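Structure record follows, encoded as C-alpha cells.
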Amino acid sequence: MKTINIKNSKPLRTAWVFYILIVFEIVYMISPFGVLYYSVYGKGLNFLNNFAFTRWLTQFFLPHLTESKLFIFNVYKDLGWLLAYLGFVLFFINAVYLYFYKLIKKKPATGGIYSYIRHPQYLFLLICSFGLLLAWPRYLVLIVFVLMLYAYYFLAKHEEKECTEKYGIVYSDYLKKTNMFFPFKIIKFRFPLLLTIKKQYLIFLKWFLILFSFMVVIYGAELLKSVSIDYLYSSYSTNSAFISLTKIDKITFSKVISIAESDTLTRIFLAKYNIKGKVKYINYIMPSEWYFADLPMNIPSQANDGHYTPVNYNKTTYKILFTKVTLSENADGKDIILKTLGRIPILEIEIDLQKQKVTQIKKTPNSTMWGNIPTPIF
C-alpha cells in the first residue's frame, strides 16, 4: 500500500487554495446580506427593545399577522417569501457559473446574464433581501436593506476597479457595453456641475444624500403604516384599540367587545394594571381556536407549537389578548397604534357569543416559544 507525501502534494495544496478562495469570496459577498438576515429575526431585537430610543426599530410598519380589508396587505407577505426563495436560488445558480469562470477558466464571466449586467450576484441577493423585508417589515430590516443597497454598490465599484487593473482593456470594453445591476439605465442623465465640486465637498454631498435617503424611506414607511391601519378590522376608544386578526363583520366585532367590556371579572383584572386610569391598550381579537407562536398566548389543545389558524373555525367563540402599551407620547383612538413603542400582554379571555358571556379568563405566558423577541402584530 502506497503512502502519499502530503507535504509534496502540489494538487492537494492547489485544491486547498481553491476552496479557501471560494469560502472567502462567498463570505465577503454575502456579509451585508447576513446582517439583514439577523436583523429580521435575532437576539439583537431583544437588546433594541430594551431601550425607548431604539424600540421603534423592532416595530412593524405593515400589518404582520392581521387580515386587512385591502387585498395588497393580505398578499404582500406571500410575495415576499416568493422573492426571497427565488433570489436565493438564482444567486446559488449564478455563483456556480461565476466561480467556474473565475477559478477554472481564469477569466471574468462575461457571457450569459453577464453580457447584460455586471453584478447579477448582488442583484439576486437584493431580490432575496427585499423579499425578507416584505415578509418581516420591521423598521430595522428596512434600514439594513437600504444599507445593503449602498454596500453592494460600493463593493461592485471596488470589484470593477480590481478587474480593470487585472484584465486591462478587455474589461474596460466590457464595462462600456454593460450596466451594473440592471439591463437598462435607471438614470440616463449626468450632472456636469458635480465635476467642478472639490473632492472633500463631493464626499460630504454623498453622505448627505445617503442620510437623506434614510429619512425618505422611514417617512415612506410611516405613510404606509398610517394607510394600512385604515384598512384593519378595528375599533377604537379613548383608551383602547381593538384589532381583529381575521375578517369579521361589524355586528360580531361589536358583540365581542361589548361582552368583554361588560364582564365584571375582566374589568377587575384590568383595573389592577390601570391604577391611575391612564393606561392604554391594544387588544387583539381572534377565533378561540387560533394560535400564534409569535405571541405570548396559551396554546389551545388542538394546536401545536407553531401557528394554528384553521379556516373552518367555530364562529361563535372568540378570544381577546389584552396588551398594555407604552407610548412615545399621549394618544387616543387610532393614534394609540401609531404611537406605541412596546406591548406587555396581561390577559387572555374567551367569549361565547351564543351564551353572551366570558367563559374563561387566563393569564398570559411570560414569553413566546421564541423567547422575548418582540413580534408586534401591529
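Chain labels run A, B, ... following the order of the C-alpha cells; each chain numbers its residues from 1, and ligands are numbered from 1 in the order shown.
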Filtered DSSP result for segment 96-260 of chain A, state strand (DSSP E or B), as a ChimeraX atom specification:
/A:117,138,179,232,234-236,240-244
For the selection you just gave me, I'd like the residues written to a file as a JSON list (two decimals), in the first residue's frame, keeping all heavy atoms.
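Here's the written file out-v6.json:
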[["chain", "number", "residue", "atom", "x", "y", "z"],
["A", 117, "ILE", "N", -25.66, 42.44, -17.52],
["A", 117, "ILE", "CA", -25.35, 43.15, -16.28],
["A", 117, "ILE", "C", -24.07, 42.56, -15.66],
["A", 117, "ILE", "O", -23.76, 41.39, -15.85],
["A", 117, "ILE", "CB", -26.50, 43.07, -15.26],
["A", 117, "ILE", "CG1", -26.86, 41.62, -14.94],
["A", 117, "ILE", "CG2", -27.71, 43.84, -15.76],
["A", 117, "ILE", "CD1", -27.94, 41.48, -13.88],
["A", 138, "ARG", "N", -40.05, 45.15, 9.46],
["A", 138, "ARG", "CA", -39.64, 45.95, 10.60],
["A", 138, "ARG", "C", -38.88, 47.18, 10.10],
["A", 138, "ARG", "O", -38.25, 47.15, 9.04],
["A", 138, "ARG", "CB", -38.73, 45.17, 11.54],
["A", 138, "ARG", "CG", -39.33, 43.94, 12.19],
["A", 138, "ARG", "CD", -38.29, 43.31, 13.11],
["A", 138, "ARG", "NE", -38.70, 42.00, 13.61],
["A", 138, "ARG", "CZ", -39.41, 41.82, 14.70],
["A", 138, "ARG", "NH1", -39.79, 42.85, 15.42],
["A", 138, "ARG", "NH2", -39.75, 40.60, 15.10],
["A", 179, "ASN", "N", -24.42, 47.28, -18.09],
["A", 179, "ASN", "CA", -24.82, 48.09, -16.94],
["A", 179, "ASN", "C", -24.49, 47.34, -15.65],
["A", 179, "ASN", "O", -24.23, 46.14, -15.67],
["A", 179, "ASN", "CB", -26.32, 48.39, -16.99],
["A", 179, "ASN", "CG", -26.66, 49.28, -18.17],
["A", 179, "ASN", "OD1", -26.03, 50.30, -18.39],
["A", 179, "ASN", "ND2", -27.65, 48.87, -18.95],
["A", 232, "LEU", "N", -57.59, 48.00, 8.58],
["A", 232, "LEU", "CA", -57.69, 46.92, 9.54],
["A", 232, "LEU", "C", -59.14, 46.70, 9.96],
["A", 232, "LEU", "O", -59.96, 47.62, 9.88],
["A", 232, "LEU", "CB", -56.85, 47.23, 10.78],
["A", 232, "LEU", "CG", -55.33, 47.32, 10.62],
["A", 232, "LEU", "CD1", -54.71, 47.75, 11.94],
["A", 232, "LEU", "CD2", -54.75, 45.99, 10.17],
["A", 234, "SER", "N", -60.96, 46.92, 12.84],
["A", 234, "SER", "CA", -60.60, 47.52, 14.12],
["A", 234, "SER", "C", -61.71, 48.40, 14.68],
["A", 234, "SER", "O", -62.67, 48.75, 13.98],
["A", 234, "SER", "CB", -59.33, 48.37, 13.95],
["A", 234, "SER", "OG", -59.51, 49.35, 12.93],
["A", 235, "SER", "N", -61.55, 48.70, 15.96],
["A", 235, "SER", "CA", -62.47, 49.60, 16.65],
["A", 235, "SER", "C", -61.66, 50.35, 17.71],
["A", 235, "SER", "O", -60.76, 49.77, 18.33],
["A", 235, "SER", "CB", -63.60, 48.81, 17.30],
["A", 235, "SER", "OG", -64.45, 49.67, 18.04],
["A", 236, "TYR", "N", -61.99, 51.63, 17.92],
["A", 236, "TYR", "CA", -61.17, 52.46, 18.81],
["A", 236, "TYR", "C", -62.03, 53.19, 19.83],
["A", 236, "TYR", "O", -63.18, 53.53, 19.59],
["A", 236, "TYR", "CB", -60.38, 53.49, 17.99],
["A", 236, "TYR", "CG", -59.55, 52.88, 16.89],
["A", 236, "TYR", "CD1", -59.99, 52.93, 15.56],
["A", 236, "TYR", "CD2", -58.35, 52.24, 17.17],
["A", 236, "TYR", "CE1", -59.25, 52.36, 14.54],
["A", 236, "TYR", "CE2", -57.60, 51.68, 16.16],
["A", 236, "TYR", "CZ", -58.05, 51.74, 14.84],
["A", 236, "TYR", "OH", -57.31, 51.17, 13.84],
["A", 240, "SER", "N", -58.42, 52.47, 24.24],
["A", 240, "SER", "CA", -58.15, 51.15, 23.66],
["A", 240, "SER", "C", -58.26, 51.15, 22.14],
["A", 240, "SER", "O", -59.04, 51.90, 21.55],
["A", 240, "SER", "CB", -59.12, 50.11, 24.22],
["A", 240, "SER", "OG", -59.01, 50.00, 25.62],
["A", 241, "ALA", "N", -57.46, 50.25, 21.55],
["A", 241, "ALA", "CA", -57.59, 49.92, 20.13],
["A", 241, "ALA", "C", -57.82, 48.42, 20.04],
["A", 241, "ALA", "O", -57.01, 47.63, 20.53],
["A", 241, "ALA", "CB", -56.32, 50.31, 19.38],
["A", 242, "PHE", "N", -58.96, 48.01, 19.48],
["A", 242, "PHE", "CA", -59.26, 46.60, 19.28],
["A", 242, "PHE", "C", -58.98, 46.25, 17.82],
["A", 242, "PHE", "O", -59.48, 46.94, 16.91],
["A", 242, "PHE", "CB", -60.72, 46.29, 19.60],
["A", 242, "PHE", "CG", -61.03, 46.27, 21.08],
["A", 242, "PHE", "CD1", -61.39, 47.43, 21.74],
["A", 242, "PHE", "CD2", -60.96, 45.08, 21.78],
["A", 242, "PHE", "CE1", -61.67, 47.42, 23.10],
["A", 242, "PHE", "CE2", -61.25, 45.04, 23.15],
["A", 242, "PHE", "CZ", -61.61, 46.22, 23.81],
["A", 243, "ILE", "N", -58.19, 45.20, 17.60],
["A", 243, "ILE", "CA", -57.84, 44.78, 16.25],
["A", 243, "ILE", "C", -58.20, 43.31, 16.09],
["A", 243, "ILE", "O", -57.79, 42.47, 16.90],
["A", 243, "ILE", "CB", -56.35, 44.97, 15.96],
["A", 243, "ILE", "CG1", -55.95, 46.44, 16.14],
["A", 243, "ILE", "CG2", -56.00, 44.51, 14.54],
["A", 243, "ILE", "CD1", -54.45, 46.67, 16.03],
["A", 244, "SER", "N", -58.95, 42.98, 15.03],
["A", 244, "SER", "CA", -59.25, 41.58, 14.74],
["A", 244, "SER", "C", -58.19, 41.02, 13.80],
["A", 244, "SER", "O", -57.83, 41.66, 12.82],
["A", 244, "SER", "CB", -60.63, 41.45, 14.09],
["A", 244, "SER", "OG", -60.87, 40.11, 13.72]]
Distance query segment 285-300 of chain A at most 9 Å, only C-alpha atoms, self and fewer than 4 positions along chain excluded, as a short mmCIF file (atom, residue, chain, number, x, y, z; two decimals) with all heavy atoms, in the first residue's frame:
data_model
loop_
_atom_site.label_atom_id
_atom_site.label_comp_id
_atom_site.auth_asym_id
_atom_site.auth_seq_id
_atom_site.Cartn_x
_atom_site.Cartn_y
_atom_site.Cartn_z
N LEU A 65 -49.58 39.98 11.09
CA LEU A 65 -50.41 38.79 11.25
C LEU A 65 -51.89 39.07 11.04
O LEU A 65 -52.70 38.15 11.02
CB LEU A 65 -50.22 38.19 12.66
CG LEU A 65 -48.80 37.71 13.01
CD1 LEU A 65 -48.76 37.22 14.45
CD2 LEU A 65 -48.34 36.62 12.06
N PHE A 242 -58.96 48.01 19.48
CA PHE A 242 -59.26 46.60 19.28
C PHE A 242 -58.98 46.25 17.82
O PHE A 242 -59.48 46.94 16.91
CB PHE A 242 -60.72 46.29 19.60
CG PHE A 242 -61.03 46.27 21.08
CD1 PHE A 242 -61.39 47.43 21.74
CD2 PHE A 242 -60.96 45.08 21.78
CE1 PHE A 242 -61.67 47.42 23.10
CE2 PHE A 242 -61.25 45.04 23.15
CZ PHE A 242 -61.61 46.22 23.81
N ILE A 243 -58.19 45.20 17.60
CA ILE A 243 -57.84 44.78 16.25
C ILE A 243 -58.20 43.31 16.09
O ILE A 243 -57.79 42.47 16.90
CB ILE A 243 -56.35 44.97 15.96
CG1 ILE A 243 -55.95 46.44 16.14
CG2 ILE A 243 -56.00 44.51 14.54
CD1 ILE A 243 -54.45 46.67 16.03
N SER A 244 -58.95 42.98 15.03
CA SER A 244 -59.25 41.58 14.74
C SER A 244 -58.19 41.02 13.80
O SER A 244 -57.83 41.66 12.82
CB SER A 244 -60.63 41.45 14.09
OG SER A 244 -60.87 40.11 13.72
N LEU A 245 -57.69 39.83 14.13
CA LEU A 245 -56.68 39.20 13.28
C LEU A 245 -57.28 38.53 12.06
O LEU A 245 -56.56 38.14 11.15
CB LEU A 245 -55.89 38.16 14.09
CG LEU A 245 -55.18 38.66 15.34
CD1 LEU A 245 -54.15 37.64 15.79
CD2 LEU A 245 -54.51 40.00 15.12
N THR A 246 -58.58 38.40 12.03
CA THR A 246 -59.25 37.79 10.90
C THR A 246 -60.42 38.67 10.45
O THR A 246 -60.85 39.56 11.17
CB THR A 246 -59.76 36.38 11.24
OG1 THR A 246 -60.31 35.78 10.07
CG2 THR A 246 -60.85 36.44 12.31
N PHE A 253 -68.09 41.88 15.66
CA PHE A 253 -67.00 42.63 16.29
C PHE A 253 -67.53 43.40 17.50
O PHE A 253 -66.96 43.35 18.60
CB PHE A 253 -66.41 43.59 15.25
CG PHE A 253 -65.01 44.06 15.58
CD1 PHE A 253 -64.28 44.75 14.64
CD2 PHE A 253 -64.42 43.82 16.81
CE1 PHE A 253 -63.00 45.19 14.91
CE2 PHE A 253 -63.14 44.26 17.09
CZ PHE A 253 -62.43 44.94 16.15
N VAL A 256 -68.45 41.05 20.49
CA VAL A 256 -67.28 40.53 21.21
C VAL A 256 -66.74 41.58 22.18
O VAL A 256 -66.47 41.30 23.34
CB VAL A 256 -66.18 40.10 20.21
CG1 VAL A 256 -64.88 39.77 20.95
CG2 VAL A 256 -66.64 38.89 19.40
N ILE A 257 -66.61 42.82 21.69
CA ILE A 257 -66.09 43.90 22.54
C ILE A 257 -67.04 44.21 23.67
O ILE A 257 -66.63 44.40 24.83
CB ILE A 257 -65.83 45.16 21.69
CG1 ILE A 257 -64.74 44.89 20.65
CG2 ILE A 257 -65.42 46.34 22.58
CD1 ILE A 257 -64.52 46.03 19.67
N ASN A 304 -50.48 23.11 17.81
CA ASN A 304 -49.13 22.64 18.12
C ASN A 304 -48.27 23.84 18.48
O ASN A 304 -48.79 24.89 18.85
CB ASN A 304 -48.54 21.87 16.92
CG ASN A 304 -48.67 22.66 15.63
OD1 ASN A 304 -48.63 23.88 15.63
ND2 ASN A 304 -48.81 21.95 14.52
N ASP A 305 -46.96 23.73 18.36
CA ASP A 305 -46.07 24.81 18.77
C ASP A 305 -45.98 25.95 17.75
O ASP A 305 -45.40 26.99 18.03
CB ASP A 305 -44.66 24.26 19.04
CG ASP A 305 -44.62 23.40 20.28
OD1 ASP A 305 -45.50 23.59 21.13
OD2 ASP A 305 -43.73 22.55 20.39
N GLY A 306 -46.50 25.73 16.56
CA GLY A 306 -46.43 26.77 15.53
C GLY A 306 -47.73 27.52 15.39
O GLY A 306 -48.60 27.45 16.26
N HIS A 307 -47.89 28.23 14.29
CA HIS A 307 -49.14 28.93 14.04
C HIS A 307 -50.25 27.92 13.76
O HIS A 307 -50.04 26.93 13.06
CB HIS A 307 -48.99 29.86 12.83
CG HIS A 307 -48.13 31.03 13.10
ND1 HIS A 307 -47.96 32.06 12.19
CD2 HIS A 307 -47.37 31.37 14.17
CE1 HIS A 307 -47.13 32.97 12.70
NE2 HIS A 307 -46.77 32.56 13.89
N TYR A 308 -51.41 28.21 14.29
CA TYR A 308 -52.56 27.35 14.06
C TYR A 308 -53.75 28.25 13.75
O TYR A 308 -54.33 28.86 14.64
CB TYR A 308 -52.84 26.48 15.28
CG TYR A 308 -53.98 25.50 15.09
CD1 TYR A 308 -53.83 24.39 14.27
CD2 TYR A 308 -55.20 25.70 15.73
CE1 TYR A 308 -54.87 23.48 14.10
CE2 TYR A 308 -56.25 24.81 15.56
CZ TYR A 308 -56.08 23.70 14.74
OH TYR A 308 -57.12 22.81 14.57
N THR A 309 -54.10 28.34 12.47
CA THR A 309 -55.18 29.24 12.05
C THR A 309 -56.10 28.51 11.07
O THR A 309 -56.11 28.80 9.88
CB THR A 309 -54.61 30.50 11.37
OG1 THR A 309 -53.76 30.09 10.26
CG2 THR A 309 -53.79 31.32 12.34
N PRO A 310 -56.87 27.54 11.56
CA PRO A 310 -57.76 26.80 10.67
C PRO A 310 -58.80 27.71 10.03
O PRO A 310 -59.31 28.64 10.65
CB PRO A 310 -58.42 25.78 11.62
CG PRO A 310 -58.30 26.39 12.98
CD PRO A 310 -57.01 27.13 12.97
N TYR A 313 -63.13 27.53 11.33
CA TYR A 313 -63.15 27.65 12.79
C TYR A 313 -64.58 27.93 13.29
O TYR A 313 -65.47 28.30 12.52
CB TYR A 313 -62.21 28.77 13.24
CG TYR A 313 -62.51 30.12 12.63
CD1 TYR A 313 -63.45 30.98 13.20
CD2 TYR A 313 -61.85 30.54 11.47
CE1 TYR A 313 -63.73 32.21 12.64
CE2 TYR A 313 -62.13 31.78 10.92
CZ TYR A 313 -63.06 32.61 11.50
OH TYR A 313 -63.34 33.83 10.94
N ASN A 314 -64.76 27.73 14.58
CA ASN A 314 -66.05 27.99 15.21
C ASN A 314 -66.27 29.50 15.30
O ASN A 314 -65.54 30.21 15.98
CB ASN A 314 -66.06 27.38 16.60
CG ASN A 314 -67.41 27.50 17.28
OD1 ASN A 314 -68.29 28.24 16.84
ND2 ASN A 314 -67.58 26.77 18.38
N LYS A 315 -67.29 29.99 14.60
CA LYS A 315 -67.53 31.44 14.53
C LYS A 315 -68.40 31.96 15.67
O LYS A 315 -68.88 33.09 15.63
CB LYS A 315 -68.14 31.80 13.18
CG LYS A 315 -67.18 31.59 12.01
CD LYS A 315 -67.81 31.99 10.70
CE LYS A 315 -66.79 32.01 9.57
NZ LYS A 315 -66.10 30.72 9.37
N THR A 316 -68.59 31.14 16.68
CA THR A 316 -69.37 31.60 17.84
C THR A 316 -68.49 31.79 19.08
O THR A 316 -68.98 32.24 20.11
CB THR A 316 -70.50 30.60 18.18
OG1 THR A 316 -69.92 29.36 18.56
CG2 THR A 316 -71.41 30.41 16.98
N THR A 317 -67.22 31.40 18.99
CA THR A 317 -66.31 31.59 20.14
C THR A 317 -65.07 32.35 19.70
O THR A 317 -64.43 31.99 18.69
CB THR A 317 -65.89 30.22 20.73
OG1 THR A 317 -65.25 29.44 19.73
CG2 THR A 317 -67.09 29.49 21.29
N TYR A 318 -64.75 33.37 20.46
CA TYR A 318 -63.58 34.20 20.17
C TYR A 318 -62.77 34.40 21.44
O TYR A 318 -63.23 34.12 22.55
CB TYR A 318 -64.01 35.56 19.62
CG TYR A 318 -64.56 35.50 18.21
CD1 TYR A 318 -65.90 35.18 17.97
CD2 TYR A 318 -63.75 35.77 17.12
CE1 TYR A 318 -66.41 35.11 16.69
CE2 TYR A 318 -64.24 35.72 15.82
CZ TYR A 318 -65.57 35.39 15.62
OH TYR A 318 -66.05 35.32 14.34
N LYS A 319 -61.56 34.89 21.27
CA LYS A 319 -60.75 35.27 22.43
C LYS A 319 -60.09 36.61 22.16
O LYS A 319 -59.90 37.01 21.00
CB LYS A 319 -59.71 34.20 22.76
CG LYS A 319 -58.70 33.91 21.67
CD LYS A 319 -57.83 32.74 22.11
CE LYS A 319 -56.90 32.26 21.00
NZ LYS A 319 -56.15 31.04 21.35
N ILE A 320 -59.77 37.29 23.26
CA ILE A 320 -59.12 38.60 23.16
C ILE A 320 -57.83 38.56 23.97
O ILE A 320 -57.83 38.14 25.14
CB ILE A 320 -60.02 39.73 23.70
CG1 ILE A 320 -61.36 39.76 22.97
CG2 ILE A 320 -59.32 41.08 23.54
CD1 ILE A 320 -62.31 40.82 23.49
N LEU A 321 -56.76 38.99 23.35
CA LEU A 321 -55.49 39.14 24.05
C LEU A 321 -55.31 40.62 24.38
O LEU A 321 -55.19 41.46 23.49
CB LEU A 321 -54.34 38.67 23.15
CG LEU A 321 -52.92 38.81 23.73
CD1 LEU A 321 -52.75 37.91 24.95
CD2 LEU A 321 -51.88 38.49 22.66
N PHE A 322 -55.37 40.94 25.67
CA PHE A 322 -55.22 42.33 26.12
C PHE A 322 -53.74 42.64 26.33
O PHE A 322 -53.04 41.90 27.03
CB PHE A 322 -55.97 42.56 27.44
CG PHE A 322 -57.46 42.57 27.31
CD1 PHE A 322 -58.18 41.38 27.32
CD2 PHE A 322 -58.15 43.76 27.16
CE1 PHE A 322 -59.57 41.39 27.20
CE2 PHE A 322 -59.54 43.77 27.04
CZ PHE A 322 -60.24 42.58 27.06
N PRO A 345 -48.31 41.94 27.31
CA PRO A 345 -49.52 41.12 27.39
C PRO A 345 -49.90 40.88 28.85
O PRO A 345 -49.04 40.58 29.68
CB PRO A 345 -49.10 39.82 26.70
CG PRO A 345 -47.93 40.19 25.86
CD PRO A 345 -47.21 41.26 26.62
N GLU A 348 -55.83 37.13 28.79
CA GLU A 348 -56.45 36.47 27.64
C GLU A 348 -57.81 35.95 28.09
O GLU A 348 -57.91 35.24 29.09
CB GLU A 348 -55.57 35.32 27.17
CG GLU A 348 -56.12 34.57 25.97
CD GLU A 348 -55.22 33.41 25.58
OE1 GLU A 348 -53.98 33.54 25.69
OE2 GLU A 348 -55.77 32.36 25.18
N GLU A 350 -61.76 34.27 26.85
CA GLU A 350 -62.52 33.59 25.81
C GLU A 350 -64.00 33.97 25.95
O GLU A 350 -64.52 34.09 27.06
CB GLU A 350 -62.35 32.07 25.90
CG GLU A 350 -60.95 31.63 25.54
CD GLU A 350 -60.86 30.13 25.29
OE1 GLU A 350 -61.92 29.47 25.20
OE2 GLU A 350 -59.73 29.63 25.15
N ILE A 351 -64.63 34.16 24.80
CA ILE A 351 -66.01 34.66 24.76
C ILE A 351 -66.88 33.71 23.94
O ILE A 351 -66.49 33.30 22.83
CB ILE A 351 -66.05 36.08 24.15
CG1 ILE A 351 -65.33 37.06 25.07
CG2 ILE A 351 -67.48 36.53 23.88
CD1 ILE A 351 -65.09 38.41 24.44
N LYS A 362 -57.65 33.93 31.45
CA LYS A 362 -56.34 33.32 31.64
C LYS A 362 -55.26 34.40 31.69
O LYS A 362 -55.33 35.40 30.98
CB LYS A 362 -56.01 32.36 30.49
CG LYS A 362 -57.03 31.26 30.26
CD LYS A 362 -56.64 30.46 29.02
CE LYS A 362 -57.68 29.40 28.69
NZ LYS A 362 -57.33 28.67 27.46
N LYS A 363 -54.27 34.14 32.53
CA LYS A 363 -53.08 34.98 32.48
C LYS A 363 -52.24 34.56 31.27
O LYS A 363 -52.23 33.39 30.90
CB LYS A 363 -52.27 34.84 33.76
CG LYS A 363 -52.91 35.46 34.98
CD LYS A 363 -51.97 35.41 36.18
CE LYS A 363 -52.59 36.10 37.39
NZ LYS A 363 -51.68 36.07 38.57
N THR A 364 -51.55 35.52 30.69
CA THR A 364 -50.73 35.20 29.53
C THR A 364 -49.36 34.68 29.96
O THR A 364 -48.86 35.04 31.02
CB THR A 364 -50.52 36.46 28.66
OG1 THR A 364 -49.93 37.49 29.46
CG2 THR A 364 -51.85 36.95 28.11
N PRO A 365 -48.71 33.85 29.13
CA PRO A 365 -47.35 33.39 29.44
C PRO A 365 -46.39 34.58 29.45
O PRO A 365 -46.67 35.63 28.87
CB PRO A 365 -47.03 32.44 28.28
CG PRO A 365 -48.37 32.04 27.73
CD PRO A 365 -49.26 33.22 27.92
N ASN A 366 -45.26 34.40 30.13
CA ASN A 366 -44.26 35.47 30.21
C ASN A 366 -43.51 35.70 28.91
O ASN A 366 -42.96 36.77 28.67
CB ASN A 366 -43.26 35.17 31.34
CG ASN A 366 -43.91 35.21 32.71
OD1 ASN A 366 -44.83 35.99 32.94
ND2 ASN A 366 -43.45 34.35 33.60
N SER A 367 -43.45 34.67 28.06
CA SER A 367 -42.71 34.80 26.80
C SER A 367 -43.31 33.87 25.77
O SER A 367 -44.16 33.02 26.09
CB SER A 367 -41.23 34.49 27.01
OG SER A 367 -41.06 33.14 27.44
N THR A 368 -42.85 33.99 24.54
CA THR A 368 -43.30 33.12 23.45
C THR A 368 -42.31 31.97 23.31
O THR A 368 -41.30 31.90 24.00
CB THR A 368 -43.37 33.89 22.12
OG1 THR A 368 -42.04 34.21 21.70
CG2 THR A 368 -44.17 35.17 22.29
N MET A 369 -42.58 31.07 22.35
CA MET A 369 -41.67 29.97 22.10
C MET A 369 -40.34 30.46 21.54
O MET A 369 -39.35 29.75 21.52
CB MET A 369 -42.30 28.96 21.15
CG MET A 369 -42.52 29.47 19.74
SD MET A 369 -43.07 28.18 18.60
CE MET A 369 -41.61 27.15 18.51
N TRP A 370 -40.34 31.71 21.04
CA TRP A 370 -39.11 32.31 20.51
C TRP A 370 -38.36 33.10 21.58
O TRP A 370 -37.41 33.79 21.27
CB TRP A 370 -39.45 33.24 19.34
CG TRP A 370 -40.31 32.62 18.28
CD1 TRP A 370 -41.59 32.95 17.98
CD2 TRP A 370 -39.96 31.56 17.40
NE1 TRP A 370 -42.07 32.18 16.96
CE2 TRP A 370 -41.08 31.31 16.58
CE3 TRP A 370 -38.80 30.79 17.23
CZ2 TRP A 370 -41.08 30.32 15.60
CZ3 TRP A 370 -38.81 29.81 16.24
CH2 TRP A 370 -39.93 29.57 15.45
N ILE A 373 -38.33 37.84 21.96
CA ILE A 373 -38.19 38.64 20.75
C ILE A 373 -39.53 39.24 20.39
O ILE A 373 -40.52 38.51 20.23
CB ILE A 373 -37.67 37.77 19.59
CG1 ILE A 373 -36.28 37.24 19.92
CG2 ILE A 373 -37.64 38.55 18.28
CD1 ILE A 373 -35.73 36.25 18.93
N PRO A 374 -39.61 40.56 20.27
CA PRO A 374 -40.90 41.21 20.03
C PRO A 374 -41.43 40.95 18.63
O PRO A 374 -40.72 41.10 17.66
CB PRO A 374 -40.57 42.69 20.23
CG PRO A 374 -39.12 42.80 19.90
CD PRO A 374 -38.50 41.50 20.35
N THR A 375 -42.66 40.53 18.54
CA THR A 375 -43.32 40.35 17.25
C THR A 375 -44.67 41.06 17.29
O THR A 375 -45.71 40.41 17.40
CB THR A 375 -43.51 38.86 16.91
OG1 THR A 375 -42.27 38.18 17.10
CG2 THR A 375 -43.95 38.67 15.47
N PRO A 376 -44.67 42.38 17.22
CA PRO A 376 -45.95 43.09 17.27
C PRO A 376 -46.80 42.76 16.07
O PRO A 376 -46.30 42.70 14.95
CB PRO A 376 -45.52 44.57 17.27
CG PRO A 376 -44.17 44.57 16.64
CD PRO A 376 -43.54 43.28 17.02
N ILE A 377 -48.07 42.52 16.31
CA ILE A 377 -48.98 42.26 15.19
C ILE A 377 -49.18 43.54 14.40
O ILE A 377 -49.27 43.54 13.20
CB ILE A 377 -50.33 41.73 15.71
CG1 ILE A 377 -50.09 40.46 16.52
CG2 ILE A 377 -51.27 41.41 14.57
CD1 ILE A 377 -51.31 39.93 17.19
#
Quick one: pull the distance between atom CA of Asn50 of chain A and atom CA of Met215 of chain A, Å, one decimal.
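Pair atom CA of Asn50 of chain A / atom CA of Met215 of chain A returns 23.6 Å.
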Between A:Lys247, A:Lys357, A:Lys176, A:Lys278, which one has atoms that come closest to Asp263 of chain A, using only C-alpha atoms?
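When distances to Asp263 of chain A are compared using only C-alpha atoms, the smallest one comes from A:Lys357.
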